[in-house]
$ cat model27.cif   # mmCIF, C-alpha atoms and all ligand atoms
data_work
loop_
_atom_site.label_atom_id
_atom_site.label_comp_id
_atom_site.auth_asym_id
_atom_site.auth_seq_id
_atom_site.Cartn_x
_atom_site.Cartn_y
_atom_site.Cartn_z
CA MET A 1 204.67 -36.22 128.95
CA SER A 2 207.45 -38.77 128.46
CA LEU A 3 208.23 -40.12 125.01
CA GLN A 4 206.58 -43.41 124.04
CA ARG A 5 209.10 -46.17 123.46
CA SER A 6 208.94 -49.81 122.46
CA SER A 7 209.34 -52.09 125.48
CA LEU A 8 210.04 -55.31 123.54
CA ASN A 9 213.04 -57.35 124.64
CA PHE A 10 215.50 -59.06 122.29
CA GLU A 11 213.50 -62.28 121.85
CA GLU A 12 210.28 -60.37 121.27
CA VAL A 13 211.89 -58.13 118.63
CA ARG A 14 213.44 -61.18 117.00
CA ALA A 15 210.06 -62.91 116.84
CA LYS A 16 208.38 -59.80 115.44
CA TYR A 17 211.01 -59.31 112.68
CA PRO A 18 212.04 -62.85 111.68
CA ASP A 19 213.68 -61.71 108.42
CA PHE A 20 216.08 -59.36 110.17
CA PRO A 21 219.54 -61.00 110.54
CA PRO A 22 219.85 -62.07 114.19
CA LEU A 23 223.58 -61.36 114.43
CA VAL A 24 223.08 -57.80 113.19
CA MET A 25 220.25 -57.46 115.71
CA LEU A 26 222.61 -58.66 118.44
CA LYS A 27 225.21 -56.14 117.32
CA ILE A 28 222.62 -53.36 117.58
CA ASP A 29 221.69 -54.42 121.09
CA ILE A 30 225.33 -54.58 122.19
CA HIS A 31 225.91 -51.10 120.76
CA ARG A 32 222.86 -49.87 122.70
CA ARG A 33 223.65 -51.49 126.01
CA GLY A 34 227.43 -51.82 125.80
CA LEU A 35 229.51 -54.72 127.08
CA PHE A 36 231.85 -55.63 129.89
CA TYR A 37 234.78 -58.04 129.92
CA ALA A 38 234.70 -60.76 132.59
CA ASP A 39 238.00 -61.72 134.21
CA ALA A 40 238.11 -64.98 132.25
CA ALA A 41 237.80 -63.07 128.96
CA LEU A 42 240.58 -60.69 129.94
CA ALA A 43 242.73 -63.72 130.86
CA ALA A 44 242.14 -65.12 127.35
CA PHE A 45 243.04 -61.79 125.78
CA ASN A 46 246.65 -61.75 124.59
CA PRO A 47 247.95 -58.20 123.89
CA ALA A 48 250.76 -59.68 121.80
CA ARG A 49 248.20 -61.25 119.45
CA HIS A 50 245.01 -59.24 119.87
CA GLN A 51 244.23 -55.59 119.19
CA THR A 52 244.08 -53.41 122.29
CA GLY A 53 241.86 -50.33 122.47
CA GLY A 54 243.03 -46.82 123.26
CA THR A 55 243.11 -44.40 120.34
CA HIS A 56 239.58 -43.21 119.70
CA THR A 57 237.83 -40.02 118.73
CA PHE A 58 235.42 -40.54 121.61
CA GLY A 59 235.92 -41.98 125.09
CA THR A 60 234.67 -45.23 126.57
CA ARG A 61 231.31 -45.61 128.29
CA ASP A 62 232.87 -46.37 131.66
CA GLY A 63 235.54 -43.68 131.36
CA LYS A 64 238.52 -46.07 131.39
CA LEU A 65 240.84 -45.81 128.44
CA THR A 66 243.43 -48.56 128.25
CA GLY A 67 244.29 -52.18 128.92
CA ARG A 68 241.29 -53.87 127.29
CA PRO A 69 240.44 -55.43 123.93
CA GLU A 70 239.61 -53.05 121.08
CA SER A 71 236.33 -54.88 120.53
CA ILE A 72 234.94 -58.13 119.15
CA TYR A 73 233.49 -59.58 115.98
CA LEU A 74 230.83 -62.23 115.49
CA ARG A 75 230.97 -65.56 113.66
CA ASP A 76 229.63 -64.14 110.37
CA GLY A 77 232.26 -61.36 110.37
CA THR A 78 229.90 -58.72 111.76
CA LEU A 79 231.91 -56.16 113.70
CA VAL A 80 230.84 -54.92 117.11
CA LEU A 81 232.22 -51.49 117.98
CA ALA A 82 231.29 -51.09 121.62
CA THR A 83 233.30 -50.02 124.61
CA PRO A 84 232.92 -51.29 128.20
CA SER A 85 229.86 -49.91 129.97
CA PRO A 86 228.94 -49.43 133.63
CA PRO A 87 226.59 -52.07 135.11
CA GLU A 88 223.55 -49.76 135.30
CA GLN A 89 223.45 -49.73 131.49
CA SER A 90 222.79 -53.48 131.59
CA PRO A 91 225.69 -54.43 129.30
CA TYR A 92 226.24 -57.78 127.63
CA GLY A 93 229.08 -59.84 129.10
CA ILE A 94 232.13 -61.08 127.20
CA ASP A 95 233.33 -64.20 128.94
CA PHE A 96 235.43 -67.30 128.34
CA ALA A 97 233.47 -70.54 128.74
CA GLU A 98 233.33 -74.00 127.16
CA GLY A 99 236.78 -73.35 125.67
CA LYS A 100 235.79 -70.26 123.67
CA LEU A 101 235.08 -66.57 123.92
CA VAL A 102 231.35 -66.01 124.37
CA ILE A 103 228.76 -63.27 124.73
CA THR A 104 226.45 -63.56 127.72
CA ASP A 105 223.21 -61.88 128.71
CA GLN A 106 222.13 -62.15 132.35
CA GLY A 107 224.68 -64.96 132.73
CA GLU A 108 223.34 -67.01 129.76
CA ILE A 109 225.59 -67.67 126.75
CA VAL A 110 223.97 -66.18 123.65
CA GLU A 111 226.74 -66.25 121.03
CA GLU A 112 230.38 -66.89 120.27
CA ALA A 113 232.76 -63.93 119.91
CA PHE A 114 236.30 -63.29 118.63
CA PHE A 115 238.95 -60.72 119.45
CA TRP A 116 240.46 -58.64 116.65
CA ASP A 117 243.97 -59.55 115.44
CA LYS A 118 246.67 -57.09 116.40
CA PRO A 119 248.14 -55.19 113.42
CA ASP A 120 251.83 -55.83 112.71
CA PHE A 121 252.73 -52.14 112.97
CA TYR A 122 251.13 -51.41 116.35
CA ASP A 123 254.27 -51.53 118.52
CA LYS A 124 256.58 -49.80 116.03
CA ARG A 125 257.68 -46.17 116.25
CA THR A 126 258.37 -43.53 113.60
CA SER A 127 261.85 -42.05 113.22
CA ASN A 128 260.58 -39.21 115.47
CA GLY A 129 259.78 -41.78 118.17
CA VAL A 130 255.97 -41.62 117.87
CA LEU A 131 254.16 -44.88 118.59
CA MET A 132 252.47 -45.84 115.31
CA GLN A 133 249.26 -47.07 116.94
CA ASN A 134 248.79 -43.49 118.22
CA LEU A 135 248.85 -42.28 114.61
CA VAL A 136 246.84 -45.01 112.86
CA SER A 137 244.45 -47.63 114.20
CA ALA A 138 242.85 -50.62 112.49
CA ARG A 139 239.16 -51.40 112.30
CA PRO A 140 240.26 -54.15 111.63
CA GLN A 141 240.34 -54.08 107.80
CA ARG A 142 240.44 -50.31 107.47
CA LEU A 143 243.19 -47.92 108.51
CA PHE A 144 241.75 -45.18 110.68
CA VAL A 145 243.44 -41.82 111.22
CA ILE A 146 242.42 -38.91 113.46
CA PRO A 147 244.72 -36.10 112.28
CA GLN A 148 243.14 -33.41 114.48
CA ARG A 149 241.69 -34.42 117.85
CA PHE A 150 240.49 -31.00 118.97
CA CYS A 151 237.10 -29.67 117.88
CA TYR A 152 236.90 -25.88 117.68
CA PHE A 153 233.14 -25.92 118.27
CA TRP A 154 234.07 -26.65 121.88
CA SER A 155 236.07 -23.40 122.10
CA ASP A 156 232.95 -21.60 120.92
CA GLY A 157 230.54 -23.25 123.37
CA GLY A 158 228.97 -25.24 120.52
CA GLY A 159 230.10 -28.83 120.98
CA CYS A 160 227.53 -31.49 120.11
CA LYS A 161 225.71 -32.63 123.25
CA PHE A 162 226.44 -36.35 122.78
CA CYS A 163 230.16 -35.73 122.13
CA ASP A 164 233.14 -35.96 124.50
CA ILE A 165 235.99 -35.43 122.00
CA VAL A 166 237.88 -32.73 123.91
CA ASN A 167 237.47 -34.39 127.31
CA ASN A 168 238.65 -37.63 125.71
CA LEU A 169 241.63 -35.84 124.18
CA LYS A 170 242.67 -34.53 127.61
CA GLN A 171 242.50 -38.07 129.01
CA GLN A 172 244.46 -39.52 126.06
CA ARG A 173 247.14 -36.86 126.36
CA ALA A 174 247.57 -37.61 130.05
CA GLU A 175 247.45 -41.41 129.84
CA ILE A 176 248.95 -42.41 126.47
CA SER A 177 250.90 -39.30 125.35
CA MET A 178 248.48 -38.67 122.51
CA GLN A 179 249.22 -35.71 120.25
CA THR A 180 246.46 -33.24 119.45
CA LYS A 181 247.56 -32.91 115.83
CA ILE A 182 249.52 -35.36 113.69
CA ASN A 183 252.75 -34.52 111.88
CA PRO A 184 252.19 -35.58 108.22
CA ALA A 185 255.70 -37.07 107.94
CA ASP A 186 255.06 -39.33 110.94
CA LEU A 187 251.78 -40.42 109.43
CA ARG A 188 253.37 -41.26 106.08
CA GLU A 189 255.83 -43.54 107.86
CA ALA A 190 253.09 -45.26 109.86
CA ILE A 191 250.84 -45.84 106.82
CA SER A 192 253.76 -47.13 104.82
CA GLU A 193 254.58 -49.58 107.61
CA ALA A 194 250.94 -50.67 107.97
CA LEU A 195 250.67 -51.46 104.25
CA LYS A 196 253.44 -54.04 104.59
CA GLU A 197 250.84 -56.37 106.17
CA LYS A 198 249.68 -57.80 102.85
CA GLY A 199 246.00 -58.23 102.14
CA ARG A 200 244.64 -56.86 105.40
CA TYR A 201 243.49 -53.32 104.65
CA THR A 202 240.85 -52.33 102.12
CA ALA A 203 240.71 -48.57 102.69
CA ILE A 204 241.91 -45.56 104.69
CA CYS A 205 239.58 -43.32 106.65
CA LEU A 206 240.27 -39.91 108.19
CA THR A 207 238.20 -38.07 110.74
CA GLY A 208 238.60 -35.48 113.47
CA GLY A 209 237.21 -32.36 115.09
CA SER A 210 235.88 -29.36 113.18
CA ASP A 211 238.10 -26.32 112.65
CA PHE A 212 236.27 -23.16 111.56
CA ARG A 213 239.43 -21.01 111.40
CA GLY A 214 240.69 -19.46 108.15
CA ASP A 215 239.97 -16.58 105.74
CA ASP A 216 236.84 -18.41 104.75
CA ALA A 217 235.31 -20.54 107.52
CA PHE A 218 236.88 -24.03 107.60
CA ASP A 219 239.80 -23.12 105.30
CA LYS A 220 242.20 -24.34 108.01
CA GLU A 221 240.41 -27.70 108.15
CA THR A 222 240.50 -27.95 104.34
CA GLU A 223 244.20 -27.12 104.09
CA TYR A 224 245.23 -29.53 106.83
CA TYR A 225 243.32 -32.41 105.26
CA ILE A 226 245.01 -31.67 101.91
CA GLU A 227 248.41 -31.77 103.62
CA ILE A 228 247.59 -35.02 105.42
CA MET A 229 246.09 -36.73 102.36
CA GLN A 230 249.07 -35.75 100.23
CA ALA A 231 251.40 -37.32 102.80
CA ILE A 232 249.36 -40.54 102.70
CA GLY A 233 249.31 -40.38 98.89
CA GLU A 234 253.10 -40.71 98.85
CA CYS A 235 252.59 -44.32 99.99
CA PHE A 236 250.75 -45.14 96.73
CA SER A 237 251.86 -45.30 93.11
CA VAL A 238 248.44 -44.23 91.78
CA LYS A 239 246.71 -40.87 92.21
CA LYS A 240 243.45 -42.13 93.74
CA PHE A 241 243.25 -44.85 96.40
CA PRO A 242 240.32 -46.24 98.46
CA SER A 243 239.78 -43.54 101.04
CA GLN A 244 237.12 -41.71 102.99
CA LEU A 245 237.22 -38.34 104.73
CA ILE A 246 234.74 -37.64 107.51
CA CYS A 247 234.78 -33.85 107.77
CA THR A 248 232.66 -30.80 108.40
CA ALA A 249 230.21 -29.84 105.64
CA LEU A 250 232.75 -27.89 103.63
CA LYS A 251 231.86 -25.59 100.76
CA LYS A 252 231.92 -26.94 97.23
CA GLU A 253 235.14 -25.02 96.39
CA GLN A 254 236.85 -26.47 99.47
CA LEU A 255 235.74 -30.00 98.59
CA GLN A 256 236.88 -29.49 95.01
CA ARG A 257 240.33 -28.48 96.22
CA ILE A 258 240.60 -31.62 98.33
CA TYR A 259 239.37 -33.81 95.48
CA ASP A 260 241.71 -32.26 92.90
CA GLN A 261 244.83 -32.13 95.07
CA THR A 262 244.67 -35.50 96.86
CA GLY A 263 243.87 -39.17 96.36
CA LEU A 264 240.57 -38.91 98.26
CA MET A 265 237.71 -40.94 96.74
CA SER A 266 234.75 -40.45 99.08
CA VAL A 267 233.47 -38.00 101.64
CA THR A 268 231.22 -38.18 104.69
CA MET A 269 229.81 -35.03 106.29
CA ASP A 270 227.94 -36.04 109.43
CA ILE A 271 224.73 -34.11 109.99
CA GLU A 272 224.27 -36.13 113.22
CA VAL A 273 220.52 -35.50 113.62
CA LEU A 274 217.89 -35.68 110.85
CA ASP A 275 215.51 -33.03 112.08
CA GLU A 276 216.21 -29.31 111.98
CA GLU A 277 214.78 -28.46 115.41
CA GLN A 278 216.59 -31.30 117.17
CA PHE A 279 219.78 -30.55 115.18
CA ASN A 280 219.74 -26.95 116.43
CA PHE A 281 219.39 -28.16 120.00
CA ILE A 282 221.90 -31.02 119.88
CA CYS A 283 224.57 -29.56 117.56
CA PRO A 284 224.72 -25.81 118.33
CA GLY A 285 228.16 -25.34 116.72
CA LYS A 286 227.09 -26.92 113.46
CA ALA A 287 223.86 -24.92 113.56
CA LYS A 288 225.70 -21.62 114.12
CA TRP A 289 228.51 -22.04 111.62
CA ILE A 290 226.62 -23.82 108.83
CA GLY A 291 222.97 -24.55 109.60
CA TYR A 292 220.79 -27.57 108.87
CA GLN A 293 219.51 -26.66 105.41
CA GLU A 294 222.94 -25.47 104.27
CA TRP A 295 224.46 -28.72 105.58
CA LYS A 296 222.09 -30.67 103.35
CA ARG A 297 222.83 -28.42 100.38
CA ARG A 298 226.57 -28.92 100.80
CA LEU A 299 226.03 -32.69 100.83
CA TYR A 300 224.32 -32.36 97.44
CA ASP A 301 227.28 -30.26 96.23
CA ALA A 302 229.62 -33.02 97.41
CA VAL A 303 227.90 -35.49 95.07
CA GLU A 304 228.75 -33.18 92.17
CA VAL A 305 232.41 -33.16 93.23
CA PHE A 306 232.93 -36.82 94.24
CA GLY A 307 230.29 -38.51 92.09
CA GLU A 308 227.46 -40.92 92.84
CA ASN A 309 227.92 -43.53 95.58
CA ARG A 310 230.80 -41.56 97.05
CA VAL A 311 228.99 -39.29 99.52
CA ASN A 312 227.16 -40.01 102.73
CA THR A 313 226.26 -38.53 106.08
CA GLY A 314 226.15 -40.07 109.54
CA ILE A 315 223.57 -39.69 112.26
CA VAL A 316 224.00 -40.41 115.97
CA SER A 317 220.61 -41.97 116.23
CA GLY A 318 218.83 -42.08 119.54
CA THR A 319 219.92 -38.56 120.46
CA GLU A 320 216.85 -37.17 118.69
CA LEU A 321 214.78 -38.84 121.43
CA VAL A 322 216.50 -37.03 124.30
CA ALA A 323 214.33 -34.51 126.21
CA PRO A 324 213.27 -31.88 125.46
CA THR A 325 212.64 -33.59 122.15
CA ARG A 326 209.76 -32.40 119.98
CA PHE A 327 208.85 -36.03 119.27
CA LYS A 328 206.10 -37.71 121.24
CA SER A 329 207.03 -41.27 120.33
CA GLU A 330 209.74 -43.36 118.71
CA ASP A 331 207.31 -44.00 115.84
CA GLU A 332 207.01 -40.28 115.13
CA ALA A 333 210.79 -39.77 115.28
CA LEU A 334 211.35 -42.73 112.96
CA GLU A 335 208.94 -41.37 110.39
CA ILE A 336 210.63 -37.94 110.30
CA VAL A 337 214.19 -39.31 110.30
CA LEU A 338 213.48 -41.72 107.43
CA LYS A 339 211.65 -39.02 105.46
CA GLU A 340 214.74 -36.80 105.72
CA ALA A 341 217.03 -39.71 104.78
CA ASP A 342 214.83 -40.34 101.74
CA ASP A 343 215.17 -36.68 100.72
CA LEU A 344 218.97 -36.93 101.00
CA ALA A 345 219.01 -40.19 99.02
CA ALA A 346 216.95 -38.58 96.24
CA HIS A 347 219.96 -36.23 95.85
CA GLY A 348 222.48 -39.11 95.84
CA VAL A 349 223.45 -38.97 99.53
CA SER A 350 223.35 -42.09 101.72
CA THR A 351 222.66 -41.93 105.43
CA VAL A 352 224.44 -44.27 107.84
CA ASN A 353 223.52 -44.71 111.43
CA MET A 354 225.78 -44.67 114.48
CA ILE A 355 223.91 -46.06 117.45
CA TRP A 356 224.32 -43.53 120.20
CA GLN A 357 226.48 -44.80 123.06
CA PRO A 358 226.14 -42.35 126.00
CA ARG A 359 229.52 -41.34 127.38
CA PRO A 360 230.21 -40.01 130.88
CA ASN A 361 232.07 -36.89 129.73
CA SER A 362 229.32 -35.60 127.43
CA ASP A 363 226.24 -33.43 128.10
CA PHE A 364 223.97 -36.40 127.35
CA ALA A 365 225.79 -38.73 129.76
CA LYS A 366 222.69 -39.73 131.69
CA ALA A 367 220.03 -39.55 129.00
CA GLN A 368 217.98 -42.59 127.97
CA ASN A 369 218.81 -44.49 124.80
CA GLY A 370 216.38 -45.64 122.09
CA SER A 371 214.79 -49.09 122.17
CA LEU A 372 216.09 -52.11 120.26
CA GLU A 373 212.98 -52.10 118.07
CA TYR A 374 213.59 -48.44 117.15
CA TYR A 375 217.13 -49.18 116.03
CA VAL A 376 216.13 -52.31 114.10
CA LEU A 377 213.47 -50.39 112.16
CA LEU A 378 215.88 -47.53 111.55
CA ALA A 379 218.59 -49.85 110.18
CA LYS A 380 216.12 -51.59 107.88
CA GLY A 381 214.57 -48.28 106.83
CA LEU A 382 217.90 -46.74 105.86
CA GLN A 383 218.93 -49.79 103.83
CA ASP A 384 215.51 -49.88 102.13
CA ILE A 385 215.97 -46.22 101.15
CA ARG A 386 219.36 -47.02 99.59
CA ARG A 387 217.80 -49.81 97.58
CA LYS A 388 214.91 -47.62 96.47
CA HIS A 389 217.35 -45.00 95.16
CA ASN A 390 219.87 -47.54 93.87
CA LEU A 391 222.68 -46.22 96.07
CA SER A 392 225.73 -48.29 96.94
CA ILE A 393 227.40 -48.01 100.34
CA ASP A 394 230.52 -50.02 99.49
CA PHE A 395 232.90 -47.38 100.84
CA ASP A 396 231.28 -47.48 104.31
CA ASP A 397 230.09 -51.07 104.56
CA TYR A 398 230.64 -53.95 107.02
CA ARG A 399 234.19 -54.53 105.77
CA ARG A 400 235.34 -50.91 105.38
CA CYS A 401 233.76 -49.49 108.53
CA GLY A 402 231.63 -51.94 110.49
CA ASN A 403 230.04 -49.31 112.72
CA HIS A 404 226.69 -49.11 110.97
CA ALA A 405 224.09 -51.83 111.34
CA ASP A 406 222.22 -50.41 108.35
CA SER A 407 225.21 -50.76 106.01
CA ASP A 408 225.81 -54.28 107.40
CA LEU A 409 222.43 -55.06 105.83
CA ALA A 410 223.72 -54.13 102.37
CA ARG A 411 225.21 -57.63 102.08
CA VAL A 412 221.89 -59.26 103.01
CA PHE A 413 218.98 -57.20 101.68
S1 LIG B 501 231.48 -31.60 115.35
FE1 LIG B 501 230.28 -32.28 117.11
S2 LIG B 501 230.49 -34.54 117.10
FE2 LIG B 501 232.11 -33.72 115.77
S3 LIG B 501 233.87 -33.54 117.12
FE3 LIG B 501 232.87 -31.52 117.12
S4 LIG B 501 231.48 -31.55 118.88
FE4 LIG B 501 232.10 -33.69 118.46
#

$ encode --input "model27.cif" --output "structure tokens"
Amino acid sequence: MSLQRSSLNFEEVRAKYPDFPPLVMLKIDIHRRGLFYADAALAAFNPARHQTGGTHTFGTRDGKLTGRPESIYLRDGTLVLATPSPPEQSPYGIDFAEGKLVITDQGEIVEEAFFWDKPDFYDKRTSNGVLMQNLVSARPQRLFVIPQRFCYFWSDGGGCKFCDIVNNLKQQRAEISMQTKINPADLREAISEALKEKGRYTAICLTGGSDFRGDDAFDKETEYYIEIMQAIGECFSVKKFPSQLICTALKKEQLQRIYDQTGLMSVTMDIEVLDEEQFNFICPGKAKWIGYQEWKRRLYDAVEVFGENRVNTGIVSGTELVAPTRFKSEDEALEIVLKEADDLAAHGVSTVNMIWQPRPNSDFAKAQNGSLEYYVLLAKGLQDIRRKHNLSIDFDDYRRCGNHADSDLARVF
């Protein structure tokens, strides 16, 4: 029996939930369906002025890497983080009409859009000759670093089924000379150069693949992040600076080492799927090396190390609906996911939602996404849970990250 899904279109969802911010709803739908750039939009795009895409953890939805805008933002500052999609995914259009950049649906203009401004440091090189935009990217008010682009779960047959990180790395190495691992000295130079653009950046975020190597599992990952964060710390005159590390669920001792020895202020350990059975199916590497219940326990430990309002976890929502899911309907999945998020929040851990964007070089390339109504209720539910437990999401909000529709709501609800 196939899973029951909402069939409401955008206007019907908007009418059903009139209090939900329409621009955040539009963002959700663009993340679901993707976008494509019309020729007129590409003609209006100026790579000398606007930020070009290329350096990502994950690949694009149509498999092409370079030569297009990083993404867009909306007129209230809401960020859209979507990559170009193939036509069968029914993407929104980005076009140039009536003298401005616009978003279209089925040929109709639905909103205005804006390209991101290109960072000043993007075309510069380190003294070792490394292009700085391959070391640090901008989103657009946060500096984003991927120190380690290989995920060792892939070498163990345990890569997450929605993920294409290693296939994307191969493409980036071939097309834009991307390095698998960053030299800390190069990174220090790039961050130092980026910070010369006064007033633009509010935080630094690090993420990358998991590395289970070491005397104790994930010691290698821990030690490398310490080395990288210490290199970044040399750019600051204070010990702690606004920063977020998205890493594997490390042990409390490993987290304590990172906290004590670096300027890191917050940590995110993505559980990806808020249901143990679906987690085991979708994230076999995480299940084998750590396990669902232990992942949750380590999140609670992280709150003891980093403090309240400094720890969260991300989910790639929509993947829990992929067959053979145990859920019979979106309603049932929503109830379980929010119940788990509430349990995490009761222990001081926020949950943020990445809307799943199926990529061609992942196991789930052809699977069906969740409905707009599902994602709207999930975003509202996660923000309601934060309010209920009095949790702040400042370090991962619309300005710092911009990927999560639920944390966009923190400035509204
Ligand atoms: S842990 Fe999973 S989602 Fe993260 S990089 Fe590895 S395979 Fe991809």

$ axis_aligned_box --input "model27.cif" --around "region 339-358 of chain A" --padding-each-side "6 Å" --output "AutoDock Vina command-line options"
--center_x 219.1 --center_y -41.1 --center_z 110.9 --size_x 26.8 --size_y 21.8 --size_z 42.2

$ closest_residue --input "model27.cif" --among "A:Ile336, A:Ala410, A:Ala323, A:Met269" --to "ligand LIG 501 (chain B)" --atoms "only C-alpha atoms and all ligand atoms"
A:Met269

$ residues_near_ligand --input "model27.cif" --ligand "ligand LIG 501 (chain B)" --cutoff "8 Å" --atoms "all atoms listed in the file" --output "ChimeraX atom specification"
/A:57,149-154,158-166,208-210,248,270,272,283,285-286

$ residues_around --input "model27.cif" --residues "Ile355 (chain A)" --least-positions-apart "2" --cutoff "8 Å" --atoms "only C-alpha atoms" --output "MDAnalysis selection string"
chainID A and resid 28 31:32 316:318 353 357 375 404

$ closest_residue --input "model27.cif" --among "A:Pro86, A:Gly263, A:Val352, A:Ala48" --to "Arg61 (chain A)" --atoms "all atoms listed in the file"
A:Pro86

$ closest_atom_pairs --input "model27.cif" --of "region 161-185 of chain A" --to "region 227-242 of chain A" --cutoff "9 Å" --atoms "all atoms listed in the file" --output "JSON lines"
{"residue": "A:Ile182", "atom": "CA", "partner": "A:Ile228", "partner_atom": "CA", "distance": 8.5}
{"residue": "A:Asn183", "atom": "CA", "partner": "A:Ile228", "partner_atom": "CA", "distance": 8.3}
{"residue": "A:Pro184", "atom": "CA", "partner": "A:Ile228", "partner_atom": "CA", "distance": 5.4}
{"residue": "A:Ala185", "atom": "CA", "partner": "A:Ala231", "partner_atom": "CA", "distance": 6.7}

$ residues_around --input "model27.cif" --residues "Asp343 (chain A)" --least-positions-apart "6" --cutoff "12 Å" --atoms "all atoms listed in the file" --output "MDAnalysis selection string"
chainID A and resid 274:275 293 296:297 299:300 336:337 349:351 382 385:386 388:389

$ residues_around --input "model27.cif" --residues "Trp289 (chain A)" --least-positions-apart "5" --cutoff "10 Å" --atoms "only C-alpha atoms" --output "list in words"
Phe153, Gly158, Phe212, Ala217, Phe218, Ala249, Pro284, Glu294 and Trp295 of chain A

$ residues_around --input "model27.cif" --residues "Arg326 (chain A)" --least-positions-apart "6" --cutoff "12 Å" --atoms "all atoms listed in the file" --output "list in words"
Met1, Ser2, Leu3, Asp275, Glu276, Glu277, Gln278, Phe279, Asn280, Phe281, Thr319, Glu320, Glu332, Ala333 and Ile336 of chain A

$ residues_near_point --input "model27.cif" --point "(221.0, -58.3, 101.3)" --cutoff "12 Å" --atoms "only C-alpha atoms" --output "mmCIF file with C-alpha atoms, in the frame of the given file"
data_model
loop_
_atom_site.group_PDB
_atom_site.id
_atom_site.type_symbol
_atom_site.label_atom_id
_atom_site.label_comp_id
_atom_site.auth_asym_id
_atom_site.auth_seq_id
_atom_site.Cartn_x
_atom_site.Cartn_y
_atom_site.Cartn_z
ATOM 1 C CA ASP A 19 213.680 -61.710 108.420
ATOM 2 C CA PHE A 20 216.080 -59.360 110.170
ATOM 3 C CA PRO A 21 219.540 -61.000 110.540
ATOM 4 C CA LYS A 380 216.120 -51.590 107.880
ATOM 5 C CA GLN A 383 218.930 -49.790 103.830
ATOM 6 C CA ASP A 384 215.510 -49.880 102.130
ATOM 7 C CA ARG A 386 219.360 -47.020 99.590
ATOM 8 C CA ARG A 387 217.800 -49.810 97.580
ATOM 9 C CA SER A 392 225.730 -48.290 96.940
ATOM 10 C CA ASP A 406 222.220 -50.410 108.350
ATOM 11 C CA SER A 407 225.210 -50.760 106.010
ATOM 12 C CA ASP A 408 225.810 -54.280 107.400
ATOM 13 C CA LEU A 409 222.430 -55.060 105.830
ATOM 14 C CA ALA A 410 223.720 -54.130 102.370
ATOM 15 C CA ARG A 411 225.210 -57.630 102.080
ATOM 16 C CA VAL A 412 221.890 -59.260 103.010
ATOM 17 C CA PHE A 413 218.980 -57.200 101.680
#

$ atom_distance --input "model27.cif" --atom1 "CA of Cys205 (chain A)" --atom2 "CA of Tyr122 (chain A)"
17.1 Å

$ closest_residue --input "model27.cif" --among "A:Ala43, A:Leu26, A:Ile176, A:Ala190" --to "Thr55 (chain A)" --atoms "all atoms listed in the file"
A:Ile176

$ closest_residue --input "model27.cif" --among "A:Glu330, A:Asp95, A:Asp105, A:Asp396" --to "Val376 (chain A)" --atoms "only C-alpha atoms"
A:Glu330

$ atom_distance --input "model27.cif" --atom1 "CA of Gln179 (chain A)" --atom2 "CA of Asp211 (chain A)"
16.4 Å
